[in-house]
Amino acid sequence: MALILASTSSIRSQMLADAGVEHVAMPPAIDEAPAKERGLIGEDLAYELARAKAVAVSLQRPDEWVIGSDSTISVDGRAFDKPASRGEAAEHLRFFSGRTIELSSAVALARGGPVDWDHAETARLHVRDLSDAFIESYLDTEWPQVGYCVGVFRMEGPGVQLFERVEGSHFTILGMPLIPLLGALREREVLPR
């Protein structure tokens with residue numbers, strides 16, 4: 001029996017691999033727009049998307065355990081998507097400057113369709129005051145890689161320079177609450193106890 005990660009995220013796949021969890025990645029075919037159009041933000045949106053991904057792939061592979069995961073960010077009650085261009089990335093960074101990003105990551109497990117377990121956590125990332133010169137230099141180095149990141153940063157890279165303080169799990173910030181997921185996999189005997 002294979003464990004399936006319903007995601008195209010290389011960092012989520014790497015997190016599982018680094019933890020010694022064998023898995024197969026499979027892209028979920030879901031439309032995120034309806035959840036976003038309902039105005040969901042934070043953990044509510046992350047839960048919805050993680051569950052939808054797990055269920056979508058689980059229906060295709062009903063005998064396998066499927067992990068769905070997603071991350072969202074909001075700043076001052078405003079939700080943000082991945083930037084569509086370098087210019088939009090710079091706009092996001094200017095908005096984040098001196099504010100706190102609330103980064104919510106959720107994970108869900110499904111088998112045969114329904115969600116069997118889910119969990120979400122929120123980290124708070126305090127962005128330092130960013131100068132326009134820093135933003136341009138940062139994007140010179142990090143664009144287009146950070147275009148695939150909802151917060152325009154990779155914590156495992158130069159993105160760590162955006163912050164003056166971080167509260168929350170490192171794994172949540174990377175995009176998946178790994179420790180609770182590992183516990184849920186052990187409870188379901190997918191991983192050895």
# chains A, B, ... in the order shown; residues from 1 in each chain; ligands from 1
>>> residues_around(residues="stretch 179-185 of chain A", least_positions_apart="6", cutoff="9 Å", atoms="only C-alpha atoms", output="number ranges by chain")
A: 19, 21, 67, 107-109, 117-119, 171, 191-193
>>> write_last_selection(atoms="N, CA and C atoms", output="compact mmCIF listing (two decimals), in the first residue's frame")
# COMPACT_ATOMS: atom_id res chain seq x y z
N ALA A 19 11.82 12.95 6.73
CA ALA A 19 11.33 12.28 7.93
C ALA A 19 11.32 10.76 7.76
N VAL A 21 9.53 9.07 5.46
CA VAL A 21 8.20 8.60 5.09
C VAL A 21 8.15 8.38 3.58
N ILE A 67 -2.61 12.10 1.72
CA ILE A 67 -2.35 13.32 2.49
C ILE A 67 -2.66 14.52 1.60
N VAL A 107 -3.40 20.03 7.17
CA VAL A 107 -3.13 18.73 6.59
C VAL A 107 -4.35 17.84 6.86
N ALA A 108 -4.67 16.99 5.89
CA ALA A 108 -5.81 16.07 6.04
C ALA A 108 -5.42 14.70 5.52
N LEU A 109 -5.99 13.67 6.11
CA LEU A 109 -5.83 12.30 5.64
C LEU A 109 -7.18 11.76 5.20
N TRP A 117 -9.05 12.37 9.13
CA TRP A 117 -8.34 13.16 10.14
C TRP A 117 -7.85 14.45 9.50
N ASP A 118 -7.84 15.52 10.27
CA ASP A 118 -7.23 16.76 9.78
C ASP A 118 -6.72 17.59 10.95
N HIS A 119 -5.85 18.53 10.61
CA HIS A 119 -5.22 19.36 11.64
C HIS A 119 -4.71 20.64 10.97
N PHE A 171 7.79 23.55 10.75
CA PHE A 171 7.13 22.72 9.74
C PHE A 171 5.86 23.39 9.21
N LEU A 191 2.68 4.14 9.61
CA LEU A 191 4.07 4.17 10.09
C LEU A 191 4.16 3.30 11.33
N PRO A 192 5.32 2.72 11.58
CA PRO A 192 5.46 1.88 12.79
C PRO A 192 5.35 2.73 14.06
N ARG A 193 4.74 2.13 15.07
CA ARG A 193 4.61 2.79 16.36
C ARG A 193 5.93 2.70 17.07
>>> select_by_dssp(residues="stretch 107-155 of chain A", states="strand (DSSP E or B)", output="number ranges by chain")
A: 107-110, 115-127
>>> residues_around(residues="A:Glu37", least_positions_apart="6", cutoff="12 Å", atoms="only C-alpha atoms", output="list in words")
Asp31, Leu45 and Ala79 of chain A
>>> closest_residue(among="A:Ser13, A:Thr100, A:Ser69, A:Ser7", to="A:His126", atoms="only C-alpha atoms")
A:Thr100
>>> residues_around(residues="A:Leu162", least_positions_apart="5", cutoff="8 Å", atoms="only C-alpha atoms", output="list in words")
Val127, Arg128 and Leu130 of chain A
>>> residues_around(residues="A:Leu174", least_positions_apart="6", cutoff="12 Å", atoms="only C-alpha atoms", output="number ranges by chain")
A: 9-16, 69-72, 103-106, 121-123, 149-151, 153-157, 159-160, 168
>>> residues_around(residues="A:Phe134", least_positions_apart="3", cutoff="12 Å", atoms="only C-alpha atoms", output="number ranges by chain")
A: 90, 93-94, 97, 128-131, 137-142, 158-159, 161-162
>>> write_last_selection(atoms="C-alpha atoms", output="CSV table (one decimal), in the first residue's frame")
chain,number,residue,atom,x,y,z
A,90,ALA,CA,7.1,43.5,-4.8
A,93,LEU,CA,6.4,42.6,0.1
A,94,ARG,CA,5.7,46.3,0.5
A,97,SER,CA,6.7,45.4,5.6
A,128,ARG,CA,10.8,43.8,9.6
A,129,ASP,CA,10.6,47.1,7.9
A,130,LEU,CA,11.7,46.4,4.3
A,131,SER,CA,13.3,49.1,2.1
A,137,SER,CA,17.7,43.0,-4.3
A,138,TYR,CA,15.8,40.2,-2.7
A,139,LEU,CA,13.7,39.6,-5.8
A,140,ASP,CA,16.8,39.8,-8.0
A,141,THR,CA,18.0,36.8,-6.1
A,142,GLU,CA,14.8,34.9,-5.4
A,158,PRO,CA,17.1,34.0,1.8
A,159,GLY,CA,13.4,34.6,2.7
A,161,GLN,CA,15.9,37.7,6.1
A,162,LEU,CA,12.4,39.2,5.8
>>> closest_residue(among="A:Ala2, A:Ala33, A:Gly175, A:Leu40", to="A:Ala120", atoms="only C-alpha atoms")
A:Gly175
>>> closest_residue(among="A:Arg165, A:His92, A:His170, A:His23", to="A:Asp132", atoms="only C-alpha atoms")
A:His92
>>> closest_residue(among="A:Leu178, A:Leu125, A:Val115, A:Leu59", to="A:Tyr47", atoms="only C-alpha atoms")
A:Val115
>>> atom_distance(atom1="atom CA of A:Phe163", atom2="atom CA of A:Phe80")
17.7 Å
>>> residues_around(residues="A:Val55", least_positions_apart="2", cutoff="12 Å", atoms="only C-alpha atoms", output="number ranges by chain")
A: 4-6, 28-30, 48-53, 57-62, 64-69, 107-118
>>> write_last_selection(atoms="C-alpha atoms", output="compact mmCIF listing (two decimals), in the first residue's frame")
# COMPACT_ATOMS: atom_id res chain seq x y z
CA ILE A 4 0.09 9.40 -1.49
CA LEU A 5 0.83 13.08 -1.13
CA ALA A 6 -1.86 15.00 -3.02
CA PRO A 28 -4.84 16.93 -7.06
CA ALA A 29 -7.35 18.18 -9.62
CA ILE A 30 -9.29 20.71 -7.58
CA GLU A 48 -10.94 23.46 3.10
CA LEU A 49 -8.17 23.17 0.51
CA ALA A 50 -6.27 20.42 2.34
CA ARG A 51 -9.46 18.36 2.68
CA ALA A 52 -10.43 18.91 -0.95
CA LYS A 53 -7.01 17.75 -2.15
CA VAL A 57 -6.98 11.99 -4.93
CA SER A 58 -8.52 9.49 -2.50
CA LEU A 59 -11.45 9.01 -4.86
CA GLN A 60 -8.98 8.06 -7.59
CA ARG A 61 -6.93 5.79 -5.30
CA PRO A 62 -9.53 4.47 -2.78
CA GLU A 64 -4.50 4.19 -0.32
CA TRP A 65 -4.06 6.74 2.44
CA VAL A 66 -3.87 10.20 0.92
CA ILE A 67 -2.35 13.32 2.49
CA GLY A 68 -3.74 16.68 1.42
CA SER A 69 -2.09 19.87 2.61
CA VAL A 107 -3.13 18.73 6.59
CA ALA A 108 -5.81 16.07 6.04
CA LEU A 109 -5.83 12.30 5.64
CA ALA A 110 -8.41 10.54 3.50
CA ARG A 111 -8.98 6.97 2.42
CA GLY A 112 -11.68 5.83 0.05
CA GLY A 113 -13.13 9.33 -0.21
CA PRO A 114 -13.98 10.87 3.16
CA VAL A 115 -11.53 12.74 5.36
CA ASP A 116 -10.52 10.60 8.32
CA TRP A 117 -8.34 13.16 10.14
CA ASP A 118 -7.23 16.76 9.78
>>> select_by_dssp(residues="stretch 83-117 of chain A", states="alpha helix (DSSP H)", output="VMD selection string")
chain A and resid 86 to 96
>>> write_last_selection(atoms="C-alpha atoms", output="mmCIF file, in the first residue's frame")
data_model
loop_
_atom_site.group_PDB
_atom_site.id
_atom_site.type_symbol
_atom_site.label_atom_id
_atom_site.label_comp_id
_atom_site.auth_asym_id
_atom_site.auth_seq_id
_atom_site.Cartn_x
_atom_site.Cartn_y
_atom_site.Cartn_z
ATOM 1 C CA ARG A 86 7.503 40.074 -10.037
ATOM 2 C CA GLY A 87 5.745 43.445 -9.783
ATOM 3 C CA GLU A 88 2.949 41.891 -7.746
ATOM 4 C CA ALA A 89 5.526 40.124 -5.560
ATOM 5 C CA ALA A 90 7.117 43.521 -4.812
ATOM 6 C CA GLU A 91 3.664 44.951 -3.981
ATOM 7 C CA HIS A 92 3.019 42.080 -1.568
ATOM 8 C CA LEU A 93 6.369 42.597 0.134
ATOM 9 C CA ARG A 94 5.749 46.332 0.492
ATOM 10 C CA PHE A 95 2.360 45.563 2.087
ATOM 11 C CA PHE A 96 3.925 42.992 4.449
#
>>> atom_distance(atom1="atom CA of A:Pro144", atom2="atom CA of A:Glu164")
23.8 Å
>>> atom_distance(atom1="atom CA of A:Ser74", atom2="atom CA of A:Arg124")
10.0 Å
